[in-house]
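Content type PDB, C-alpha atoms, from the file query.pdb:
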```
ATOM      1  CA  MET A   1     -29.078   1.606  -4.224
ATOM      2  CA  ARG A   2     -27.582  -0.345  -1.311
ATOM      3  CA  VAL A   3     -24.654  -2.534  -2.323
ATOM      4  CA  GLY A   4     -22.232  -4.889  -0.640
ATOM      5  CA  ALA A   5     -18.583  -5.448  -1.467
ATOM      6  CA  ILE A   6     -16.307  -8.105   0.022
ATOM      7  CA  ASP A   7     -12.553  -8.217  -0.470
ATOM      8  CA  CYS A   8     -10.877 -11.448   0.599
ATOM      9  CA  GLY A   9      -7.124 -11.146   0.540
ATOM     10  CA  THR A  10      -4.191 -13.072   1.949
ATOM     11  CA  ASN A  11      -4.432 -11.582   5.445
ATOM     12  CA  SER A  12      -7.951 -10.239   5.893
ATOM     13  CA  ILE A  13     -11.531 -10.405   4.692
ATOM     14  CA  ARG A  14     -13.331  -7.072   4.567
ATOM     15  CA  LEU A  15     -16.919  -5.993   4.049
ATOM     16  CA  LEU A  16     -18.385  -2.709   2.854
ATOM     17  CA  ILE A  17     -22.104  -2.053   2.802
ATOM     18  CA  ALA A  18     -22.801   1.320   1.241
ATOM     19  CA  ASP A  19     -25.567   3.447  -0.212
ATOM     20  CA  VAL A  20     -24.796   4.753  -3.671
ATOM     21  CA  ALA A  21     -26.215   8.112  -4.734
ATOM     22  CA  LEU A  22     -27.153   8.960  -8.314
ATOM     23  CA  ASP A  23     -23.873  10.873  -8.710
ATOM     24  CA  GLY A  24     -21.887   7.770  -7.685
ATOM     25  CA  THR A  25     -21.078   8.998  -4.171
ATOM     26  CA  LEU A  26     -20.745   6.223  -1.583
ATOM     27  CA  THR A  27     -22.067   6.552   1.954
ATOM     28  CA  ASP A  28     -20.836   3.873   4.350
ATOM     29  CA  VAL A  29     -23.430   1.839   6.223
ATOM     30  CA  VAL A  30     -21.080  -0.889   7.494
ATOM     31  CA  ARG A  31     -17.326  -1.271   7.105
ATOM     32  CA  GLU A  32     -15.843  -4.389   8.743
ATOM     33  CA  MET A  33     -12.464  -6.132   8.713
ATOM     34  CA  LYS A  34     -11.437  -9.499  10.128
ATOM     35  CA  VAL A  35      -7.942 -10.959   9.997
ATOM     36  CA  VAL A  36      -8.385 -14.589   8.919
ATOM     37  CA  ARG A  37      -4.985 -15.205   7.293
ATOM     38  CA  LEU A  38      -6.520 -17.162   4.395
ATOM     39  CA  GLY A  39      -3.138 -17.216   2.666
ATOM     40  CA  GLU A  40      -1.310 -18.778   5.611
ATOM     41  CA  GLY A  41       1.247 -21.204   4.157
ATOM     42  CA  VAL A  42       0.159 -20.713   0.534
ATOM     43  CA  ASP A  43       3.548 -19.353  -0.584
ATOM     44  CA  ALA A  44       5.188 -22.581   0.631
ATOM     45  CA  THR A  45       2.490 -25.225   0.009
ATOM     46  CA  GLY A  46       0.518 -23.796  -2.896
ATOM     47  CA  GLN A  47      -2.827 -24.500  -1.220
ATOM     48  CA  PHE A  48      -5.216 -23.295   1.473
ATOM     49  CA  SER A  49      -5.091 -25.066   4.831
ATOM     50  CA  GLN A  50      -8.332 -26.308   6.365
ATOM     51  CA  ALA A  51      -7.795 -24.079   9.396
ATOM     52  CA  ALA A  52      -7.489 -20.993   7.178
ATOM     53  CA  LEU A  53     -10.624 -21.954   5.252
ATOM     54  CA  ASP A  54     -12.545 -22.489   8.499
ATOM     55  CA  ARG A  55     -11.570 -19.026   9.786
ATOM     56  CA  THR A  56     -12.595 -17.418   6.503
ATOM     57  CA  PHE A  57     -15.926 -19.251   6.296
ATOM     58  CA  ALA A  58     -16.743 -18.224   9.878
ATOM     59  CA  ALA A  59     -16.192 -14.568   8.968
ATOM     60  CA  ALA A  60     -18.257 -14.984   5.780
ATOM     61  CA  ARG A  61     -21.192 -16.291   7.853
ATOM     62  CA  GLU A  62     -21.083 -13.139   9.976
ATOM     63  CA  TYR A  63     -21.006 -11.017   6.828
ATOM     64  CA  ALA A  64     -23.979 -12.936   5.391
ATOM     65  CA  HIS A  65     -26.053 -11.913   8.412
ATOM     66  CA  LEU A  66     -25.027  -8.263   7.992
ATOM     67  CA  LEU A  67     -25.873  -8.237   4.280
ATOM     68  CA  GLU A  68     -29.340  -9.626   5.027
ATOM     69  CA  GLU A  69     -29.911  -7.357   8.010
ATOM     70  CA  HIS A  70     -29.139  -4.223   5.998
ATOM     71  CA  GLY A  71     -31.166  -5.142   2.903
ATOM     72  CA  VAL A  72     -28.348  -5.216   0.382
ATOM     73  CA  THR A  73     -29.584  -5.597  -3.205
ATOM     74  CA  ALA A  74     -26.320  -6.433  -5.001
ATOM     75  CA  VAL A  75     -23.050  -7.999  -3.824
ATOM     76  CA  ARG A  76     -19.641  -8.409  -5.385
ATOM     77  CA  PHE A  77     -17.010 -10.660  -3.776
ATOM     78  CA  ALA A  78     -13.404 -10.391  -4.947
ATOM     79  CA  ALA A  79     -10.673 -12.842  -3.981
ATOM     80  CA  THR A  80      -7.125 -11.720  -4.609
ATOM     81  CA  SER A  81      -3.530 -12.908  -4.291
ATOM     82  CA  ALA A  82      -3.810 -16.064  -2.167
ATOM     83  CA  SER A  83      -6.776 -17.288  -4.199
ATOM     84  CA  ARG A  84      -4.864 -16.774  -7.435
ATOM     85  CA  ASP A  85      -2.056 -18.976  -6.099
ATOM     86  CA  ALA A  86      -3.954 -21.770  -4.296
ATOM     87  CA  SER A  87      -4.417 -25.054  -6.157
ATOM     88  CA  ASN A  88      -7.507 -25.922  -4.053
ATOM     89  CA  ARG A  89      -9.281 -22.600  -4.552
ATOM     90  CA  GLU A  90     -12.415 -24.423  -5.751
ATOM     91  CA  VAL A  91     -13.000 -25.563  -2.156
ATOM     92  CA  PHE A  92     -12.900 -21.921  -1.105
ATOM     93  CA  ILE A  93     -15.163 -20.805  -3.960
ATOM     94  CA  SER A  94     -17.814 -23.474  -3.319
ATOM     95  CA  GLY A  95     -17.770 -22.774   0.419
ATOM     96  CA  ILE A  96     -18.376 -19.054  -0.106
ATOM     97  CA  GLN A  97     -21.140 -19.798  -2.626
ATOM     98  CA  GLN A  98     -22.961 -21.917  -0.052
ATOM     99  CA  ILE A  99     -22.633 -19.298   2.686
ATOM    100  CA  LEU A 100     -23.295 -16.082   0.762
ATOM    101  CA  GLY A 101     -25.083 -17.198  -2.382
ATOM    102  CA  VAL A 102     -22.567 -15.255  -4.485
ATOM    103  CA  THR A 103     -19.667 -16.574  -6.533
ATOM    104  CA  PRO A 104     -16.277 -15.170  -5.526
ATOM    105  CA  GLU A 105     -14.383 -13.647  -8.422
ATOM    106  CA  VAL A 106     -10.708 -14.582  -8.388
ATOM    107  CA  ILE A 107      -9.641 -11.340  -9.990
ATOM    108  CA  THR A 108      -6.332 -10.714 -11.733
ATOM    109  CA  GLY A 109      -3.674  -8.505 -10.225
ATOM    110  CA  VAL A 110      -4.283  -5.873 -12.892
ATOM    111  CA  GLU A 111      -8.034  -5.823 -12.211
ATOM    112  CA  GLU A 112      -7.273  -5.555  -8.498
ATOM    113  CA  ALA A 113      -5.044  -2.577  -9.280
ATOM    114  CA  ASN A 114      -7.731  -0.847 -11.317
ATOM    115  CA  LEU A 115     -10.355  -1.317  -8.592
ATOM    116  CA  SER A 116      -7.936  -0.023  -5.957
ATOM    117  CA  PHE A 117      -7.232   3.066  -8.059
ATOM    118  CA  ALA A 118     -10.953   3.811  -8.439
ATOM    119  CA  GLY A 119     -11.524   3.404  -4.717
ATOM    120  CA  ALA A 120      -8.518   5.480  -3.655
ATOM    121  CA  VAL A 121      -9.195   8.459  -5.891
ATOM    122  CA  SER A 122     -12.873   8.444  -4.849
ATOM    123  CA  SER A 123     -11.529   9.472  -1.448
ATOM    124  CA  VAL A 124      -8.481  11.671  -2.080
ATOM    125  CA  GLY A 125      -9.635  13.087  -5.403
ATOM    126  CA  ASN A 126      -8.426  12.590  -8.952
ATOM    127  CA  THR A 127      -6.398  15.246 -10.723
ATOM    128  CA  GLU A 128      -4.494  15.817 -13.941
ATOM    129  CA  GLU A 129      -1.357  14.897 -12.004
ATOM    130  CA  ASN A 130       0.015  11.436 -12.709
ATOM    131  CA  THR A 131      -0.868   9.502  -9.551
ATOM    132  CA  VAL A 132       0.479   6.091  -8.626
ATOM    133  CA  VAL A 133      -1.781   4.162  -6.246
ATOM    134  CA  ILE A 134      -0.049   1.349  -4.357
ATOM    135  CA  ASP A 135      -2.140  -1.360  -2.695
ATOM    136  CA  LEU A 136       0.200  -3.239  -0.363
ATOM    137  CA  GLY A 137      -1.547  -6.458   0.591
ATOM    138  CA  GLY A 138      -0.759  -9.732   2.273
ATOM    139  CA  GLY A 139       0.181 -11.703  -0.821
ATOM    140  CA  SER A 140       0.801  -9.088  -3.479
ATOM    141  CA  THR A 141       1.261  -5.388  -4.084
ATOM    142  CA  GLU A 142      -0.477  -3.569  -6.913
ATOM    143  CA  PHE A 143       0.914  -0.488  -8.643
ATOM    144  CA  VAL A 144      -1.452   1.509 -10.833
ATOM    145  CA  MET A 145      -0.765   4.821 -12.504
ATOM    146  CA  GLY A 146      -3.388   7.186 -13.817
ATOM    147  CA  ASN A 147      -4.926  10.633 -13.717
ATOM    148  CA  ASP A 148      -8.286  12.248 -14.437
ATOM    149  CA  ASN A 149      -8.165  10.659 -17.897
ATOM    150  CA  GLY A 150      -8.252   7.217 -16.290
ATOM    151  CA  VAL A 151      -5.832   4.401 -15.569
ATOM    152  CA  GLN A 152      -2.755   4.380 -17.804
ATOM    153  CA  GLN A 153      -0.593   1.500 -16.528
ATOM    154  CA  ALA A 154      -0.895  -1.223 -13.881
ATOM    155  CA  ILE A 155       1.076  -4.188 -12.583
ATOM    156  CA  SER A 156       0.802  -6.631  -9.679
ATOM    157  CA  MET A 157       3.839  -8.084  -7.902
ATOM    158  CA  ASN A 158       4.047 -10.920  -5.358
ATOM    159  CA  ILE A 159       5.633  -8.946  -2.529
ATOM    160  CA  GLY A 160       2.918  -8.954   0.132
ATOM    161  CA  CYS A 161       3.575  -8.683   3.866
ATOM    162  CA  VAL A 162       2.307 -12.180   4.739
ATOM    163  CA  ARG A 163       4.067 -13.842   1.826
ATOM    164  CA  LEU A 164       7.493 -12.384   2.655
ATOM    165  CA  THR A 165       7.052 -12.793   6.414
ATOM    166  CA  GLU A 166       6.497 -16.522   5.925
ATOM    167  CA  ARG A 167       9.164 -16.896   3.249
ATOM    168  CA  HIS A 168      11.884 -15.366   5.420
ATOM    169  CA  SER A 169      10.590 -16.434   8.887
ATOM    170  CA  VAL A 170      10.547 -12.817  10.014
ATOM    171  CA  ASP A 171      10.800 -11.998  13.722
ATOM    172  CA  ALA A 172       9.699  -9.047  15.819
ATOM    173  CA  PRO A 173      11.818  -7.018  15.865
ATOM    174  CA  LEU A 174      13.034  -7.522  12.328
ATOM    175  CA  THR A 175      16.686  -8.592  12.161
ATOM    176  CA  LYS A 176      19.193  -7.054   9.763
ATOM    177  CA  ALA A 177      19.561 -10.377   7.952
ATOM    178  CA  GLN A 178      15.784 -10.646   7.476
ATOM    179  CA  GLU A 179      15.627  -7.037   6.299
ATOM    180  CA  ARG A 180      18.249  -7.770   3.624
ATOM    181  CA  LEU A 181      16.261 -10.777   2.355
ATOM    182  CA  ILE A 182      13.019  -8.782   2.210
ATOM    183  CA  LEU A 183      14.676  -5.852   0.443
ATOM    184  CA  ALA A 184      16.264  -8.156  -2.127
ATOM    185  CA  ASP A 185      12.801  -9.464  -3.051
ATOM    186  CA  VAL A 186      11.336  -5.955  -3.115
ATOM    187  CA  ASP A 187      14.153  -4.562  -5.251
ATOM    188  CA  THR A 188      13.726  -7.373  -7.796
ATOM    189  CA  ALA A 189       9.999  -6.626  -7.975
ATOM    190  CA  LEU A 190      10.555  -2.880  -8.268
ATOM    191  CA  ASP A 191      12.956  -3.415 -11.155
ATOM    192  CA  GLU A 192      10.101  -5.134 -12.992
ATOM    193  CA  VAL A 193       7.669  -2.384 -12.013
ATOM    194  CA  ALA A 194      10.063   0.178 -13.490
ATOM    195  CA  GLU A 195      10.098  -1.739 -16.768
ATOM    196  CA  ASN A 196       6.292  -1.604 -17.004
ATOM    197  CA  LEU A 197       5.370   1.760 -15.474
ATOM    198  CA  ASN A 198       6.808   5.114 -16.485
ATOM    199  CA  LEU A 199       7.931   5.997 -12.968
ATOM    200  CA  ALA A 200       9.705   9.138 -14.162
ATOM    201  CA  GLU A 201       6.277  10.679 -14.771
ATOM    202  CA  VAL A 202       4.862   9.981 -11.293
ATOM    203  CA  GLN A 203       3.790  13.198  -9.555
ATOM    204  CA  ARG A 204       1.735  11.921  -6.610
ATOM    205  CA  ILE A 205       1.913   8.783  -4.418
ATOM    206  CA  VAL A 206      -1.209   7.373  -2.752
ATOM    207  CA  GLY A 207      -1.006   4.264  -0.578
ATOM    208  CA  VAL A 208      -3.900   2.052   0.505
ATOM    209  CA  ALA A 209      -4.566  -1.024   2.672
ATOM    210  CA  GLY A 210      -3.637  -2.046   6.202
ATOM    211  CA  THR A 211       0.148  -1.832   6.105
ATOM    212  CA  VAL A 212       0.057   1.677   4.658
ATOM    213  CA  THR A 213      -2.580   2.983   7.077
ATOM    214  CA  THR A 214      -0.814   1.382  10.055
ATOM    215  CA  VAL A 215       2.479   3.033   9.123
ATOM    216  CA  MET A 216       0.617   6.327   8.742
ATOM    217  CA  ALA A 217      -0.923   5.875  12.196
ATOM    218  CA  GLN A 218       2.603   5.554  13.610
ATOM    219  CA  THR A 219       3.800   8.550  11.593
ATOM    220  CA  LEU A 220       0.873  10.651  12.860
ATOM    221  CA  GLY A 221       1.566   9.649  16.457
ATOM    222  CA  LEU A 222      -1.890   8.169  17.009
ATOM    223  CA  THR A 223      -2.663   6.259  20.212
ATOM    224  CA  SER A 224      -5.741   4.540  18.777
ATOM    225  CA  TYR A 225      -6.822   3.711  15.245
ATOM    226  CA  ASP A 226      -8.619   6.725  13.762
ATOM    227  CA  SER A 227      -9.809   6.255  10.183
ATOM    228  CA  ASP A 228     -10.839   9.885   9.826
ATOM    229  CA  ALA A 229      -7.398  11.105  10.871
ATOM    230  CA  ILE A 230      -5.630   8.670   8.546
ATOM    231  CA  ASN A 231      -7.783   9.061   5.456
ATOM    232  CA  GLY A 232      -6.320  11.686   3.144
ATOM    233  CA  SER A 233      -3.420  12.406   5.508
ATOM    234  CA  GLU A 234      -0.194  13.501   3.849
ATOM    235  CA  ARG A 235       3.267  13.245   5.353
ATOM    236  CA  SER A 236       6.784  13.568   3.994
ATOM    237  CA  ILE A 237       8.477  10.486   2.608
ATOM    238  CA  ASP A 238      11.192  10.842   5.236
ATOM    239  CA  GLU A 239       8.586  10.859   8.033
ATOM    240  CA  VAL A 240       6.858   7.787   6.579
ATOM    241  CA  MET A 241      10.150   5.928   6.280
ATOM    242  CA  GLN A 242      10.970   6.819   9.894
ATOM    243  CA  GLY A 243       7.581   5.524  11.058
ATOM    244  CA  ALA A 244       8.119   2.322   9.105
ATOM    245  CA  GLN A 245      11.539   1.815  10.670
ATOM    246  CA  GLU A 246      10.103   2.344  14.151
ATOM    247  CA  LEU A 247       7.448  -0.332  13.624
ATOM    248  CA  ALA A 248       9.937  -2.816  12.155
ATOM    249  CA  SER A 249      12.241  -2.418  15.165
ATOM    250  CA  MET A 250       9.505  -3.015  17.765
ATOM    251  CA  THR A 251       8.842  -6.229  19.674
ATOM    252  CA  ARG A 252       5.393  -7.833  19.486
ATOM    253  CA  ASN A 253       4.441  -6.325  22.850
ATOM    254  CA  GLN A 254       5.598  -2.879  21.793
ATOM    255  CA  ARG A 255       3.517  -3.109  18.626
ATOM    256  CA  MET A 256       0.410  -4.069  20.576
ATOM    257  CA  ALA A 257       1.050  -1.233  23.020
ATOM    258  CA  THR A 258       0.779   1.385  20.241
ATOM    259  CA  GLY A 259      -2.991   1.256  20.647
ATOM    260  CA  PHE A 260      -3.694   1.423  16.903
ATOM    261  CA  MET A 261      -2.286  -1.984  15.940
ATOM    262  CA  HIS A 262      -4.742  -4.715  14.980
ATOM    263  CA  GLU A 263      -3.736  -7.971  16.659
ATOM    264  CA  GLY A 264      -3.706  -9.790  13.330
ATOM    265  CA  ARG A 265      -1.159  -7.353  11.904
ATOM    266  CA  VAL A 266       1.417  -7.588  14.694
ATOM    267  CA  ASP A 267       3.416 -10.431  13.126
ATOM    268  CA  VAL A 268       3.508  -9.004   9.603
ATOM    269  CA  ILE A 269       3.813  -5.234  10.056
ATOM    270  CA  GLY A 270       7.615  -5.362  10.270
ATOM    271  CA  THR A 271       7.761  -6.887   6.812
ATOM    272  CA  GLY A 272       4.996  -4.680   5.462
ATOM    273  CA  ALA A 273       6.596  -1.510   6.789
ATOM    274  CA  THR A 274       9.942  -2.507   5.259
ATOM    275  CA  ILE A 275       8.289  -3.110   1.879
ATOM    276  CA  TRP A 276       6.450   0.212   2.036
ATOM    277  CA  SER A 277       9.545   2.171   3.026
ATOM    278  CA  ARG A 278      11.512   0.767   0.093
ATOM    279  CA  ILE A 279       8.692   1.440  -2.367
ATOM    280  CA  VAL A 280       8.256   5.111  -1.504
ATOM    281  CA  ASP A 281      11.996   5.714  -1.452
ATOM    282  CA  ARG A 282      12.385   4.108  -4.880
ATOM    283  CA  LEU A 283       9.483   6.082  -6.354
ATOM    284  CA  ARG A 284      10.999   9.322  -5.087
ATOM    285  CA  ALA A 285      14.314   8.423  -6.708
ATOM    286  CA  GLU A 286      12.784   7.331 -10.034
ATOM    287  CA  SER A 287      10.460  10.300 -10.545
ATOM    288  CA  SER A 288      11.647  13.278 -12.561
ATOM    289  CA  HIS A 289       9.290  15.398 -10.452
ATOM    290  CA  ASP A 290       9.974  16.658  -6.947
ATOM    291  CA  ILE A 291       7.924  14.172  -4.918
ATOM    292  CA  THR A 292       8.362  14.791  -1.213
ATOM    293  CA  SER A 293       5.237  13.309   0.393
ATOM    294  CA  VAL A 294       2.863  10.344   0.544
ATOM    295  CA  ILE A 295      -0.928  10.319   0.921
ATOM    296  CA  ALA A 296      -2.768   7.521   2.732
ATOM    297  CA  SER A 297      -6.314   6.542   1.757
ATOM    298  CA  GLU A 298      -8.725   4.448   3.804
ATOM    299  CA  HIS A 299     -10.693   3.824   0.620
ATOM    300  CA  ASP A 300      -9.458   1.173  -1.769
ATOM    301  CA  ILE A 301     -10.547  -1.941  -3.652
ATOM    302  CA  LEU A 302     -13.667  -2.279  -1.472
ATOM    303  CA  ASP A 303     -14.911   1.103  -2.657
ATOM    304  CA  GLY A 304     -13.915   0.242  -6.219
ATOM    305  CA  LEU A 305     -15.960  -2.972  -6.015
ATOM    306  CA  ALA A 306     -18.984  -1.112  -4.632
ATOM    307  CA  LEU A 307     -18.763   1.542  -7.351
ATOM    308  CA  SER A 308     -18.495  -1.147 -10.045
ATOM    309  CA  LEU A 309     -21.911  -2.490  -9.043
ATOM    310  CA  THR A 310     -23.562   0.750 -10.168
ATOM    311  CA  ARG A 311     -22.209   0.638 -13.700
TER     312      ARG A 311
END
```
Would you mind writing the file's structure down as structure tokens?
Amino acid sequence: MRVGAIDCGTNSIRLLIADVALDGTLTDVVREMKVVRLGEGVDATGQFSQAALDRTFAAAREYAHLLEEHGVTAVRFAATSASRDASNREVFISGIQQILGVTPEVITGVEEANLSFAGAVSSVGNTEENTVVIDLGGGSTEFVMGNDNGVQQAISMNIGCVRLTERHSVDAPLTKAQERLILADVDTALDEVAENLNLAEVQRIVGVAGTVTTVMAQTLGLTSYDSDAINGSERSIDEVMQGAQELASMTRNQRMATGFMHEGRVDVIGTGATIWSRIVDRLRAESSHDITSVIASEHDILDGLALSLTR
């Protein structure tokens, strides 16, 4: 069965075309990502701008051609944080329907978390250990805890890298004053996470999405983006926090010169890296287990969406 999954978030729109075996294994045919910044200004205005819609529709047209070219038989399109917040989301939904012939699902944060968990563990493996999967996006961050018995707890918080970059007019490099504002928002969110997830029982941390993989690329010392090197990589929390700090302190030109940085992530990686650093440090402190490392997965909600089409 050949399926298509599209994830449209606050910063990017991504496509996965995959073949699904009888045992549920996914084999990638196409995996694409375009930074369209659909959620640009949504935190402040509460609605999508026409320019953001135009960028997103242009990417959707390219994806429509790929879906047809590769003979996809089923498609699922999920819209996440920005679409949950935008008052004019019907314009977005009708536009995508016309282009792709599929209705975008504006999924809840908890559903997003569950799909991200399924996608992440399909790559790094599921175990009896209590694993928390964190999907750090543009508009929100999902926290989902589970093990080989399934998902146990999940929550979504509005602390995405685009949202907080816009809210606090973040520069490159990040200033100390901007860092304090970001961390205040993150700490408030993490207090709520701690009230809803039993963080003391966390034994393994898995991070997904662009901020996490970009920080891991820095931590690994990559000079170009290498999905195979990043996927499943495990580094100490201290190393990850150091990599995050390095990215936050870079200028725009220095970020571009890394070789692995997507142009559309340059303006928001300082915020994203700061969020990620605080999250992993807090999880280490809250857990009653000796957590010393973080795993990065290239597989996430896209894979979860594709797998859901086979059920």
As an mmCIF file with C-alpha atoms, keeping the file's coordinate frame, please: the residues near region 33-41 of chain A (cut-off 7 Å, all atoms listed in the file, same-chain neighbours under 6 positions excluded).
```
data_model
loop_
_atom_site.group_PDB
_atom_site.id
_atom_site.type_symbol
_atom_site.label_atom_id
_atom_site.label_comp_id
_atom_site.auth_asym_id
_atom_site.auth_seq_id
_atom_site.Cartn_x
_atom_site.Cartn_y
_atom_site.Cartn_z
ATOM 1 C CA THR A 10 -4.191 -13.072 1.949
ATOM 2 C CA ASN A 11 -4.432 -11.582 5.445
ATOM 3 C CA SER A 12 -7.951 -10.239 5.893
ATOM 4 C CA ILE A 13 -11.531 -10.405 4.692
ATOM 5 C CA ARG A 14 -13.331 -7.072 4.567
ATOM 6 C CA LEU A 15 -16.919 -5.993 4.049
ATOM 7 C CA PHE A 48 -5.216 -23.295 1.473
ATOM 8 C CA ALA A 52 -7.489 -20.993 7.178
ATOM 9 C CA LEU A 53 -10.624 -21.954 5.252
ATOM 10 C CA ARG A 55 -11.570 -19.026 9.786
ATOM 11 C CA THR A 56 -12.595 -17.418 6.503
ATOM 12 C CA ALA A 82 -3.810 -16.064 -2.167
ATOM 13 C CA GLY A 264 -3.706 -9.790 13.330
#
```
Among the residues A:Gly270, A:Gly46, A:Gly24, A:Gly4, the one that comes closest to Val72 (chain A) [using all atoms listed in the file]: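 Checking each of A:Gly270, A:Gly46, A:Gly24, A:Gly4 against Val72 (chain A), counting all atoms listed in the file, the winner is A:Gly4.
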Please evaluate the PyMOL selection byres ((chain A and resi 123) around 10) against the displayed coordinates and give the resulting residues as a PDB file with C-alpha atoms, in the frame of the given file.
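Generated output (part_15.pdb):
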```
ATOM      1  CA  THR A  25     -21.078   8.998  -4.171  1.00  0.00           C
ATOM      2  CA  LEU A  26     -20.745   6.223  -1.583  1.00  0.00           C
ATOM      3  CA  ALA A 118     -10.953   3.811  -8.439  1.00  0.00           C
ATOM      4  CA  GLY A 119     -11.524   3.404  -4.717  1.00  0.00           C
ATOM      5  CA  ALA A 120      -8.518   5.480  -3.655  1.00  0.00           C
ATOM      6  CA  VAL A 121      -9.195   8.459  -5.891  1.00  0.00           C
ATOM      7  CA  SER A 122     -12.873   8.444  -4.849  1.00  0.00           C
ATOM      8  CA  VAL A 124      -8.481  11.671  -2.080  1.00  0.00           C
ATOM      9  CA  GLY A 125      -9.635  13.087  -5.403  1.00  0.00           C
ATOM     10  CA  ASN A 126      -8.426  12.590  -8.952  1.00  0.00           C
ATOM     11  CA  ASN A 231      -7.783   9.061   5.456  1.00  0.00           C
ATOM     12  CA  GLY A 232      -6.320  11.686   3.144  1.00  0.00           C
ATOM     13  CA  ALA A 296      -2.768   7.521   2.732  1.00  0.00           C
ATOM     14  CA  SER A 297      -6.314   6.542   1.757  1.00  0.00           C
ATOM     15  CA  GLU A 298      -8.725   4.448   3.804  1.00  0.00           C
ATOM     16  CA  HIS A 299     -10.693   3.824   0.620  1.00  0.00           C
ATOM     17  CA  ASP A 300      -9.458   1.173  -1.769  1.00  0.00           C
ATOM     18  CA  ASP A 303     -14.911   1.103  -2.657  1.00  0.00           C
TER      19      ASP A 303
END
```
Residue neighbourhood region 179-196 of chain A, 12 Å, only C-alpha atoms, exclusion window fewer than 2 positions, as JSON, numbers by chain: {"A": [132, 134, 136, 140, 141, 142, 143, 144, 145, 152, 153, 154, 155, 156, 157, 158, 159, 160, 161, 162, 163, 164, 165, 166, 167, 168, 169, 170, 171, 172, 173, 174, 175, 176, 177, 198, 199, 200, 201, 202, 245, 248, 249, 270, 271, 272, 273, 274, 275, 276, 277, 278, 279, 280, 281, 282, 283, 285, 286, 287]}
Contacts of Glu90 (chain A) within 12 Å, only C-alpha atoms, excl. fewer than 2 positions in-chain, as a ChimeraX atom specification: /A:47-48,53,79,83-88,92-97,103-106
Centre and edges of the region 198-213 of chain A box, axis-aligned, 3 Å extra per side, as lines of an AutoDock Vina configuration file:
```
center_x = 2.6
center_y = 5.6
center_z = -4.7
size_x = 20.3
size_y = 21.2
size_z = 29.6
```
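Applied to the shown file, the PyMOL selection byres ((chain A and resi 29) around 7) selects the residues A:Ile17, A:Ala18, A:Asp19, A:Thr27, A:Asp28, A:Val30, A:Arg31.
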Atomic separation - CA of Met261 (chain A) relative to CA of Glu246 (chain A), Å: 13.2 Å
